[in-house]
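Structure below is target.tsv: TSV, C-alpha atoms and all ligand atoms.
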chain	number	residue	atom	x	y	z
S	1	MET	CA	75.13	112.84	140.36
S	2	GLU	CA	77.35	111.30	137.70
S	3	SER	CA	81.03	110.92	138.54
S	4	TYR	CA	83.81	112.47	136.46
S	5	PHE	CA	84.63	109.11	134.87
S	6	GLU	CA	81.01	108.33	133.97
S	7	ILE	CA	80.76	111.65	132.14
S	8	ALA	CA	84.19	111.17	130.49
S	9	LYS	CA	83.24	107.67	129.34
S	10	LYS	CA	80.04	108.93	127.74
S	11	LYS	CA	81.84	111.78	125.97
S	12	PHE	CA	84.62	109.41	124.83
S	13	GLY	CA	82.02	107.14	123.26
S	14	GLU	CA	80.59	110.06	121.31
S	15	LEU	CA	83.98	111.07	119.86
S	16	LYS	CA	84.09	108.31	117.25
S	17	ASN	CA	81.05	109.76	115.49
S	18	LYS	CA	81.77	113.46	116.04
S	19	LYS	CA	82.48	115.50	112.90
S	20	ASP	CA	85.26	117.67	114.28
S	21	VAL	CA	87.32	116.48	117.22
S	22	ILE	CA	89.74	118.87	118.93
S	23	ILE	CA	92.36	117.19	121.10
S	24	LEU	CA	94.85	118.90	123.36
S	25	GLY	CA	98.09	116.92	123.64
S	26	ILE	CA	100.64	117.08	126.45
S	27	GLU	CA	104.22	115.74	126.25
S	28	SER	CA	106.83	115.81	129.03
S	29	SER	CA	108.63	112.47	128.79
S	30	CYS	CA	112.19	113.82	128.54
S	31	ASP	CA	113.50	117.38	128.17
S	32	GLU	CA	110.78	119.06	126.12
S	33	THR	CA	107.65	120.50	127.71
S	34	SER	CA	105.09	120.64	124.95
S	35	VAL	CA	101.36	121.31	124.58
S	36	SER	CA	99.55	121.21	121.26
S	37	VAL	CA	96.05	121.44	119.82
S	38	VAL	CA	95.22	119.20	116.85
S	39	LYS	CA	91.94	118.90	114.95
S	40	ASN	CA	90.82	115.52	113.57
S	41	GLY	CA	94.25	113.96	114.11
S	42	THR	CA	95.94	115.76	111.24
S	43	ILE	CA	95.29	119.52	111.39
S	44	LEU	CA	97.77	121.37	113.56
S	45	LEU	CA	96.23	124.34	115.37
S	46	SER	CA	99.17	124.97	117.72
S	47	ASN	CA	102.32	123.20	118.88
S	48	VAL	CA	104.27	124.96	121.63
S	49	ILE	CA	107.58	123.39	122.70
S	50	ALA	CA	109.72	124.64	125.58
S	51	SER	CA	113.07	122.93	125.19
S	52	GLN	CA	115.42	122.40	128.13
S	53	ILE	CA	118.43	121.64	125.93
S	54	ASP	CA	120.34	124.73	127.08
S	55	ILE	CA	119.81	123.77	130.73
S	56	HIS	CA	121.08	120.18	130.28
S	57	LYS	CA	123.93	121.05	127.91
S	58	ARG	CA	126.37	121.83	130.69
S	59	PHE	CA	125.80	118.38	132.22
S	60	GLY	CA	126.37	116.63	128.88
S	61	GLY	CA	122.95	114.92	129.03
S	62	VAL	CA	119.50	115.09	130.60
S	63	VAL	CA	119.50	115.17	134.42
S	64	PRO	CA	116.13	113.62	135.36
S	65	GLU	CA	115.47	115.65	138.51
S	66	VAL	CA	116.38	118.91	136.79
S	67	ALA	CA	114.07	117.97	133.90
S	68	SER	CA	111.10	117.38	136.25
S	69	ARG	CA	111.56	120.72	137.99
S	70	ASN	CA	111.76	122.59	134.72
S	71	HIS	CA	108.65	120.86	133.40
S	72	ILE	CA	106.79	122.08	136.50
S	73	MET	CA	107.97	125.63	135.91
S	74	ALA	CA	107.13	125.63	132.20
S	75	ILE	CA	103.93	123.66	131.78
S	76	GLU	CA	101.31	126.24	132.70
S	77	ASN	CA	102.75	128.90	130.38
S	78	VAL	CA	103.17	126.39	127.57
S	79	PHE	CA	99.52	125.31	128.02
S	80	ASN	CA	98.23	128.91	127.96
S	81	GLN	CA	100.32	129.69	124.90
S	82	ALA	CA	99.03	126.60	123.05
S	83	ILE	CA	95.40	127.59	123.72
S	84	LYS	CA	96.10	131.16	122.61
S	85	GLU	CA	97.89	130.19	119.40
S	86	ALA	CA	95.16	127.69	118.48
S	87	ASN	CA	92.65	130.51	118.91
S	88	ILE	CA	90.19	128.30	120.77
S	89	SER	CA	88.52	128.48	124.16
S	90	LEU	CA	88.80	125.74	126.78
S	91	GLU	CA	85.21	124.63	126.03
S	92	ASP	CA	86.25	123.72	122.46
S	93	ILE	CA	88.56	120.91	123.67
S	94	ASP	CA	87.00	117.45	123.28
S	95	ALA	CA	89.68	115.42	125.09
S	96	ILE	CA	93.15	115.58	126.63
S	97	ALA	CA	95.83	113.19	125.32
S	98	VAL	CA	98.98	112.76	127.39
S	99	THR	CA	102.19	110.75	127.11
S	100	TYR	CA	102.14	108.25	130.02
S	101	GLY	CA	105.33	106.42	128.95
S	102	ALA	CA	108.00	105.56	128.01
S	103	GLY	CA	110.28	108.16	129.54
S	104	LEU	CA	111.75	109.63	132.71
S	105	ILE	CA	109.28	108.87	135.44
S	106	GLY	CA	109.48	112.23	137.25
S	107	ALA	CA	109.21	114.12	133.97
S	108	LEU	CA	106.23	112.02	132.82
S	109	LEU	CA	104.40	112.63	136.10
S	110	VAL	CA	104.36	116.40	135.53
S	111	GLY	CA	102.54	116.05	132.21
S	112	VAL	CA	100.26	113.27	133.45
S	113	ASN	CA	99.17	115.19	136.55
S	114	PHE	CA	98.65	118.41	134.63
S	115	ALA	CA	96.56	116.49	132.08
S	116	LYS	CA	94.45	114.94	134.84
S	117	ALA	CA	93.77	118.35	136.38
S	118	VAL	CA	92.67	119.84	133.04
S	119	ALA	CA	90.52	116.83	132.12
S	120	TYR	CA	88.82	116.86	135.52
S	121	SER	CA	88.19	120.60	135.55
S	122	LEU	CA	86.71	120.52	132.03
S	123	ASN	CA	84.89	117.20	132.58
S	124	ILE	CA	86.34	115.72	129.39
S	125	PRO	CA	88.03	112.37	128.58
S	126	LEU	CA	91.68	111.73	129.40
S	127	ILE	CA	93.54	109.55	126.88
S	128	ALA	CA	96.80	107.82	127.86
S	129	VAL	CA	99.11	107.77	124.82
S	130	SER	CA	102.30	105.78	124.26
S	131	HIS	CA	105.20	108.03	123.24
S	132	ILE	CA	106.07	105.54	120.51
S	133	GLN	CA	102.58	105.67	118.99
S	134	GLY	CA	103.01	109.42	119.13
S	135	HIS	CA	106.21	109.38	117.07
S	136	ILE	CA	104.45	107.26	114.43
S	137	ALA	CA	101.44	109.63	114.43
S	138	ALA	CA	103.69	112.65	113.68
S	139	ASN	CA	103.57	111.33	110.13
S	140	TYR	CA	99.76	111.59	109.94
S	141	ILE	CA	100.09	115.36	110.48
S	142	THR	CA	102.82	115.79	107.85
S	143	HIS	CA	101.27	113.41	105.31
S	144	LYS	CA	97.50	113.85	105.48
S	145	ASN	CA	96.87	110.97	103.06
S	146	LEU	CA	99.04	108.42	104.84
S	147	THR	CA	97.13	105.30	105.86
S	148	PRO	CA	98.23	101.96	107.35
S	149	PRO	CA	99.40	99.30	106.66
S	150	PHE	CA	103.04	100.30	106.41
S	151	VAL	CA	106.49	99.37	107.68
S	152	CYS	CA	107.78	101.80	110.32
S	153	LEU	CA	111.44	102.40	111.06
S	154	LEU	CA	111.39	103.73	114.63
S	155	VAL	CA	114.61	105.52	115.50
S	156	SER	CA	114.70	107.55	118.70
S	157	GLY	CA	116.88	108.15	121.73
S	158	GLY	CA	115.26	105.27	123.60
S	159	HIS	CA	114.07	102.87	120.87
S	160	THR	CA	115.16	101.38	117.59
S	161	ALA	CA	112.84	98.98	115.83
S	162	LEU	CA	111.14	97.91	112.64
S	163	LEU	CA	107.39	97.62	113.05
S	164	GLU	CA	104.60	96.41	110.84
S	165	VAL	CA	101.88	98.98	111.48
S	166	THR	CA	98.62	97.22	110.75
S	167	ASP	CA	96.21	99.89	111.92
S	168	TYR	CA	96.48	103.47	113.22
S	169	ILE	CA	97.35	102.34	116.71
S	170	SER	CA	98.28	98.67	116.32
S	171	HIS	CA	101.55	97.14	115.21
S	172	THR	CA	103.66	94.02	115.44
S	173	MET	CA	107.38	94.12	115.95
S	174	LEU	CA	109.57	92.79	113.13
S	175	GLY	CA	112.93	93.54	114.74
S	176	THR	CA	114.58	95.65	117.41
S	177	THR	CA	117.95	96.57	118.84
S	178	ILE	CA	119.59	93.93	120.97
S	179	ASP	CA	121.56	96.60	122.87
S	180	ASP	CA	121.74	100.40	122.39
S	181	ALA	CA	119.13	102.56	120.69
S	182	VAL	CA	120.48	104.39	117.65
S	183	GLY	CA	119.97	107.90	119.14
S	184	GLU	CA	121.83	106.77	122.25
S	185	ALA	CA	124.78	105.64	120.08
S	186	PHE	CA	124.81	109.03	118.28
S	187	ASP	CA	124.80	110.84	121.64
S	188	LYS	CA	127.58	108.69	123.15
S	189	VAL	CA	129.81	109.03	120.09
S	190	ALA	CA	129.23	112.80	120.17
S	191	ARG	CA	130.16	112.90	123.83
S	192	ILE	CA	133.46	111.05	123.37
S	193	LEU	CA	134.28	113.53	120.59
S	194	GLY	CA	133.58	116.44	122.96
S	195	LEU	CA	130.49	117.62	121.05
S	196	GLU	CA	127.62	119.27	122.89
S	197	TYR	CA	124.37	117.58	123.97
S	198	PRO	CA	122.23	116.53	122.15
S	199	GLY	CA	124.92	114.88	120.09
S	200	GLY	CA	122.89	113.53	117.16
S	201	PRO	CA	122.38	116.85	115.35
S	202	ASN	CA	126.06	117.77	115.87
S	203	VAL	CA	127.33	114.48	114.45
S	204	ASP	CA	124.98	115.02	111.50
S	205	LYS	CA	126.39	118.53	110.90
S	206	LEU	CA	130.07	117.58	111.23
S	207	ALA	CA	129.71	114.46	109.10
S	208	LYS	CA	128.93	116.74	106.15
S	209	LEU	CA	132.47	118.13	106.44
S	210	GLY	CA	134.19	114.74	106.69
S	211	LYS	CA	134.94	111.60	104.70
S	212	ASN	CA	133.70	108.07	105.28
S	213	ASN	CA	137.25	106.65	105.41
S	214	ILE	CA	137.53	104.85	108.78
S	215	LYS	CA	136.43	101.22	109.08
S	216	PHE	CA	135.59	100.78	112.75
S	217	ILE	CA	134.25	97.21	112.57
S	218	ASN	CA	134.29	94.65	109.82
S	219	HIS	CA	131.18	92.61	110.11
S	220	ASN	CA	127.74	92.51	111.59
S	221	ILE	CA	126.58	89.42	113.41
S	222	LEU	CA	122.96	90.29	112.74
S	223	ASN	CA	123.23	90.40	108.95
S	224	GLY	CA	120.10	89.04	107.31
S	225	THR	CA	117.93	89.57	110.39
S	226	LEU	CA	115.75	92.55	111.21
S	227	ASN	CA	117.48	93.16	114.53
S	228	PHE	CA	120.04	95.88	115.17
S	229	SER	CA	123.12	96.22	117.34
S	230	PHE	CA	124.83	99.55	117.92
S	231	SER	CA	126.97	98.94	120.97
S	232	GLY	CA	129.76	97.34	118.86
S	233	ILE	CA	130.20	100.38	116.63
S	234	LYS	CA	129.89	102.71	119.64
S	235	THR	CA	132.63	100.86	121.54
S	236	ALA	CA	134.81	100.70	118.42
S	237	VAL	CA	134.59	104.50	118.02
S	238	ILE	CA	135.36	105.02	121.72
S	239	ASN	CA	138.41	102.71	121.50
S	240	TYR	CA	139.60	104.44	118.31
S	241	VAL	CA	139.41	107.87	119.97
S	242	HIS	CA	141.10	106.70	123.22
S	243	ASN	CA	143.86	105.03	121.25
S	244	LEU	CA	144.71	108.19	119.31
S	245	GLU	CA	144.49	110.26	122.49
S	246	GLN	CA	146.97	107.95	124.26
S	247	LYS	CA	149.36	108.27	121.34
S	248	LYS	CA	148.79	112.04	121.44
S	249	GLU	CA	147.74	111.96	117.79
S	250	SER	CA	145.10	114.30	116.43
S	251	ILE	CA	141.58	113.09	115.74
S	252	ASN	CA	139.80	114.10	112.57
S	253	ILE	CA	136.38	114.62	114.13
S	254	PRO	CA	134.43	115.16	110.87
S	255	ASN	CA	135.86	111.89	109.45
S	256	VAL	CA	134.92	109.99	112.63
S	257	CYS	CA	131.39	111.43	112.42
S	258	ALA	CA	131.03	110.61	108.70
S	259	SER	CA	132.35	107.05	109.12
S	260	PHE	CA	130.23	106.29	112.18
S	261	GLN	CA	127.12	107.80	110.61
S	262	ASN	CA	127.71	105.88	107.39
S	263	PHE	CA	127.85	102.56	109.25
S	264	VAL	CA	124.68	103.29	111.21
S	265	VAL	CA	122.70	104.62	108.24
S	266	ASN	CA	123.75	101.60	106.15
S	267	GLU	CA	122.28	99.32	108.80
S	268	LEU	CA	119.03	101.27	109.04
S	269	THR	CA	118.63	101.50	105.26
S	270	GLU	CA	119.42	97.87	104.49
S	271	LYS	CA	117.15	96.51	107.20
S	272	SER	CA	114.28	98.82	106.23
S	273	LEU	CA	114.49	97.41	102.71
S	274	LEU	CA	114.60	93.86	104.06
S	275	ALA	CA	111.52	94.56	106.22
S	276	CYS	CA	109.59	95.88	103.20
S	277	LYS	CA	110.60	92.81	101.19
S	278	LYS	CA	109.72	90.36	103.97
S	279	THR	CA	106.29	91.92	104.60
S	280	LYS	CA	105.67	92.69	100.90
S	281	ILE	CA	104.66	96.22	101.94
S	282	ASN	CA	105.98	99.03	99.76
S	283	LYS	CA	105.29	101.87	102.15
S	284	LEU	CA	108.01	102.95	104.62
S	285	VAL	CA	107.38	105.44	107.42
S	286	VAL	CA	110.16	106.80	109.64
S	287	ALA	CA	109.51	107.92	113.22
S	288	GLY	CA	111.53	109.30	116.16
S	289	GLY	CA	114.25	111.89	116.71
S	290	VAL	CA	116.88	110.29	114.46
S	291	SER	CA	114.49	110.76	111.51
S	292	ALA	CA	115.86	114.34	111.59
S	293	ASN	CA	119.21	112.99	110.35
S	294	SER	CA	119.95	114.43	106.92
S	295	TYR	CA	122.08	111.52	105.70
S	296	LEU	CA	119.44	108.97	106.75
S	297	LYS	CA	116.88	110.95	104.73
S	298	GLU	CA	119.21	111.05	101.71
S	299	ARG	CA	119.94	107.31	101.79
S	300	LEU	CA	116.35	106.21	102.45
S	301	THR	CA	115.11	108.46	99.65
S	302	LYS	CA	117.53	106.83	97.21
S	303	MET	CA	116.81	103.28	98.40
S	304	CYS	CA	113.05	103.81	98.20
S	305	GLU	CA	113.27	105.30	94.69
S	306	GLU	CA	115.33	102.34	93.49
S	307	ASN	CA	112.93	99.81	94.99
S	308	ASN	CA	109.61	101.43	94.22
S	309	ILE	CA	108.79	102.05	97.88
S	310	SER	CA	106.86	105.16	99.02
S	311	LEU	CA	108.77	106.95	101.78
S	312	PHE	CA	107.16	109.07	104.50
S	313	MET	CA	109.17	111.08	107.03
S	314	PRO	CA	107.86	113.71	109.47
S	315	GLU	CA	108.64	117.36	108.82
S	316	LEU	CA	111.68	118.43	110.83
S	317	LYS	CA	109.82	120.12	113.71
S	318	LEU	CA	107.78	116.94	114.30
S	319	CYS	CA	110.76	114.53	114.23
S	320	THR	CA	111.85	115.16	117.81
S	321	ASP	CA	109.60	115.25	120.88
S	322	ASN	CA	106.44	117.38	120.60
S	323	ALA	CA	102.84	117.26	121.82
S	324	ALA	CA	101.25	117.48	118.36
S	325	MET	CA	102.14	113.86	117.70
S	326	ILE	CA	100.54	112.90	121.05
S	327	ALA	CA	97.33	114.78	120.23
S	328	SER	CA	97.23	113.12	116.80
S	329	ALA	CA	97.70	109.64	118.29
S	330	GLY	CA	95.01	110.53	120.88
S	331	TYR	CA	92.56	111.13	118.06
S	332	PHE	CA	93.17	107.70	116.55
S	333	TYR	CA	92.90	106.11	120.02
S	334	ALA	CA	89.49	107.80	120.33
S	335	LEU	CA	88.37	106.47	116.94
S	336	LYS	CA	89.33	102.98	118.13
S	337	GLN	CA	87.86	103.66	121.59
S	338	LYS	CA	91.13	102.79	123.34
S	339	GLY	CA	93.25	104.53	125.97
S	340	LEU	CA	90.49	106.15	128.05
S	341	SER	CA	91.88	106.64	131.56
S	342	ASP	CA	90.51	107.53	134.94
S	343	LEU	CA	92.23	109.95	137.31
S	344	ASP	CA	94.45	107.20	138.74
S	345	LEU	CA	96.62	107.31	135.59
S	346	THR	CA	100.33	107.34	136.35
S	347	GLY	CA	103.60	107.48	134.39
S	348	GLN	CA	105.39	104.38	133.13
S	349	ALA	CA	109.17	104.39	132.56
S	350	THR	CA	109.15	101.58	129.97
S	351	ILE	CA	106.60	100.32	127.47
S	352	ASN	CA	106.79	97.09	125.50
S	353	LEU	CA	106.91	97.74	121.78
E	401	LIG	O1	112.57	110.94	119.60
E	401	LIG	P1	113.47	111.79	120.40
E	401	LIG	O2	113.30	113.29	120.31
E	401	LIG	O3	113.41	111.41	121.91
E	401	LIG	C1	113.16	110.11	122.31
E	401	LIG	O4	111.98	109.72	122.32
E	401	LIG	O5	114.14	109.41	122.62
E	401	LIG	O6	114.95	111.39	119.95
E	401	LIG	C2	116.06	112.02	120.49
E	401	LIG	C3	117.28	111.43	119.82
E	401	LIG	C4	118.57	111.91	120.47
E	401	LIG	O7	119.39	110.78	120.68
E	401	LIG	C5	119.14	112.83	119.42
E	401	LIG	O8	120.55	112.90	119.45
E	401	LIG	C6	118.65	112.19	118.13
E	401	LIG	O9	117.33	111.84	118.44
E	401	LIG	N1	118.69	113.12	117.00
E	401	LIG	C7	119.49	112.93	115.92
E	401	LIG	C8	119.30	114.06	115.07
E	401	LIG	N2	118.37	114.88	115.68
E	401	LIG	C9	118.00	114.28	116.85
E	401	LIG	N3	120.34	111.93	115.61
E	401	LIG	C10	121.01	112.03	114.45
E	401	LIG	N4	120.89	113.08	113.60
E	401	LIG	C11	120.04	114.11	113.87
E	401	LIG	N5	119.93	115.13	113.02
E	402	ZN	ZN	110.71	110.79	121.52
Output the file's structure as structure tokens, nothing else.
Ligand code: KG4
Ligand code: ZN
Amino acid sequence: MESYFEIAKKKFGELKNKKDVIILGIESSCDETSVSVVKNGTILLSNVIASQIDIHKRFGGVVPEVASRNHIMAIENVFNQAIKEANISLEDIDAIAVTYGAGLIGALLVGVNFAKAVAYSLNIPLIAVSHIQGHIAANYITHKNLTPPFVCLLVSGGHTALLEVTDYISHTMLGTTIDDAVGEAFDKVARILGLEYPGGPNVDKLAKLGKNNIKFINHNILNGTLNFSFSGIKTAVINYVHNLEQKKESINIPNVCASFQNFVVNELTEKSLLACKKTKINKLVVAGGVSANSYLKERLTKMCEENNISLFMPELKLCTDNAAMIASAGYFYALKQKGLSDLDLTGQATINL
């Protein structure tokens, strides 16, 4: 009798020539439990997301152990809902794609183990997907005609980088952050200002009410390179706030948000342009949670118009963590015949870009 993996391998091999491929994606790397069904990498049949934001809010950030427990409680219902909304039966699923990293290890293990159980019970291939490849793939769902090569500005809670995406699932790194990720800087600045978790969207909202009139730092040591540094601006904001607090002076929170956001968005915009110039690629794709930032969208739109660059950003619901992007990436892995995993797959806290 053939083993599970022998059958899965055979079916995986057939996927690259199959007309319609239905992939079920699973994402549990941080505080969103999500299951989604995507056809042919771009057609969204369902995308169910159970967010734990309200649970973690009172702690001011994600508590890993609490996240794992809540993933366990949510995942079965989220899975059933995703199947129901997609209006398919279990037999229609061609493969399971799951985020294996990067992320919180306990949280990842819930999704990975659930994915293994489903793949084994249905005798179908299990595809291990990188969360970063997933964020990039969110754009293939929003922009059905998008094709590599392109420059990708990756801006999430855990990563900040400029990538040259050469093929659907291959890229080379052009530059990265030498310290904090940009989402992390947004969240820390929000925290020092007493704003609720997750801080990024709140800084975005308040910045609209404020003025960019505070100069926190004067220069950037990485000017002219494609690398980023956000710990300097973060520390400068923290010192500014502490200083005013010690003097018992009031803090204009909207102005702090607008000035901080302006600095960060300047960096991201200027270096994206530099990356397009250096690679001579006039296609820019944005990926990761910070792509939801309204000011970043405004500035990139303007910069791309002025420089004849086509800009692609995911629709809002696909900017932050979701399983649709994982299912989409899984499809392109299958086309390239990469990522097939046996049942010994495990989670990985970090992944090299
Ligand atoms: O990609 P993501 O959902 O999770 C990771 O893979 O890390 O990104 C989450 C990050 C958080 O730091 C969050 O504050 C930030 O994205 N974020 C934003 C906005 N929406 C989410 N940052 C700035 N402005 C936003 N509108
Ligand atoms: Zn993410």
Which residue gives the smallest distance to S:Ile192 among S:Val48, S:Leu353, S:Val110, S:Val237, with only C-alpha atoms counted?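 Nearest candidate to S:Ile192 out of S:Val48, S:Leu353, S:Val110, S:Val237: S:Val237.
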Nearest candidate to ligand ZN 402 (chain E) (options S:Ala102, S:Ala119, S:Cys276, S:Val37; using only C-alpha atoms and all ligand atoms): S:Ala102
For ligand LIG 401 (chain E), the closest of S:Val290, S:Leu318, S:Leu311, S:Ile124 counting all atoms listed in the file is S:Val290
Residues up to 6 Å from ligand ZN 402 (chain E), counting all atoms listed in the file: could you list those as a list in words? Ser156, Gly288, Thr320 and Asp321 of chain S
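If you look at atom CA of S:Ala258 and atom CA of S:Lys297, they are 14.7 Å away from each other.
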Of the residues S:Thr177, S:Asn123, S:Gln337, S:Asn322, which is the one nearest to S:Ala138, using only C-alpha atoms?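 Nearest candidate to S:Ala138 out of S:Thr177, S:Asn123, S:Gln337, S:Asn322: S:Asn322.
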Counting all atoms listed in the file, the option among S:Ala292, S:Val265, S:Ile233, S:Leu226 closest to S:Lys205: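 Smallest distance to S:Lys205 is found for S:Ala292.
Between S:Ile55 and the candidates S:Lys283, S:Gly101, S:Glu76, S:Glu32, the tightest atom-to-atom separation, counting all atoms listed in the file, involves S:Glu32.
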Output stretch 176-196 of chain S as a compact mmCIF listing (two decimals), keeping the file's coordinate frame, making sure N, CA, C and O atoms are there.
# COMPACT_ATOMS: atom_id res chain seq x y z
N THR S 176 114.24 94.56 116.48
CA THR S 176 114.58 95.65 117.41
C THR S 176 116.07 95.62 117.71
O THR S 176 116.79 94.72 117.26
N THR S 177 116.54 96.59 118.49
CA THR S 177 117.95 96.57 118.84
C THR S 177 118.18 95.58 119.98
O THR S 177 117.34 95.46 120.88
N ILE S 178 119.30 94.88 119.89
CA ILE S 178 119.59 93.93 120.97
C ILE S 178 120.42 94.62 122.07
O ILE S 178 120.70 94.03 123.09
N ASP S 179 120.82 95.87 121.83
CA ASP S 179 121.56 96.60 122.87
C ASP S 179 121.17 98.08 122.87
O ASP S 179 120.10 98.42 123.35
N ASP S 180 122.01 98.96 122.32
CA ASP S 180 121.74 100.40 122.39
C ASP S 180 120.70 100.85 121.35
O ASP S 180 120.62 100.27 120.27
N ALA S 181 119.98 101.91 121.69
CA ALA S 181 119.13 102.56 120.69
C ALA S 181 120.04 103.42 119.82
O ALA S 181 121.11 103.86 120.26
N VAL S 182 119.60 103.69 118.59
CA VAL S 182 120.48 104.39 117.65
C VAL S 182 120.77 105.83 118.11
O VAL S 182 121.91 106.31 118.02
N GLY S 183 119.76 106.53 118.66
CA GLY S 183 119.97 107.90 119.14
C GLY S 183 120.98 107.93 120.28
O GLY S 183 121.82 108.84 120.37
N GLU S 184 120.90 106.90 121.12
CA GLU S 184 121.83 106.77 122.25
C GLU S 184 123.26 106.63 121.72
O GLU S 184 124.19 107.25 122.26
N ALA S 185 123.44 105.83 120.67
CA ALA S 185 124.78 105.64 120.08
C ALA S 185 125.29 106.96 119.50
O ALA S 185 126.45 107.33 119.71
N PHE S 186 124.43 107.70 118.80
CA PHE S 186 124.81 109.03 118.28
C PHE S 186 125.27 109.92 119.43
O PHE S 186 126.30 110.59 119.34
N ASP S 187 124.49 109.94 120.52
CA ASP S 187 124.80 110.84 121.64
C ASP S 187 126.10 110.45 122.34
O ASP S 187 126.88 111.30 122.76
N LYS S 188 126.35 109.13 122.46
CA LYS S 188 127.58 108.69 123.15
C LYS S 188 128.80 108.98 122.29
O LYS S 188 129.84 109.39 122.81
N VAL S 189 128.69 108.75 120.99
CA VAL S 189 129.81 109.03 120.09
C VAL S 189 130.11 110.54 120.13
O VAL S 189 131.26 110.98 120.20
N ALA S 190 129.05 111.34 120.11
CA ALA S 190 129.23 112.80 120.17
C ALA S 190 129.96 113.19 121.45
O ALA S 190 130.87 114.03 121.45
N ARG S 191 129.59 112.55 122.53
CA ARG S 191 130.16 112.90 123.83
C ARG S 191 131.65 112.60 123.88
O ARG S 191 132.44 113.41 124.36
N ILE S 192 132.04 111.42 123.34
CA ILE S 192 133.46 111.05 123.37
C ILE S 192 134.28 112.00 122.48
O ILE S 192 135.46 112.24 122.71
N LEU S 193 133.59 112.58 121.48
CA LEU S 193 134.28 113.53 120.59
C LEU S 193 134.25 114.96 121.15
O LEU S 193 134.73 115.89 120.53
N GLY S 194 133.62 115.12 122.32
CA GLY S 194 133.58 116.44 122.96
C GLY S 194 132.52 117.36 122.35
O GLY S 194 132.57 118.57 122.54
N LEU S 195 131.54 116.79 121.64
CA LEU S 195 130.49 117.62 121.05
C LEU S 195 129.37 117.83 122.07
O LEU S 195 129.15 117.00 122.95
N GLU S 196 128.66 118.92 121.92
CA GLU S 196 127.62 119.27 122.89
C GLU S 196 126.39 118.37 122.81
O GLU S 196 126.08 117.82 121.74
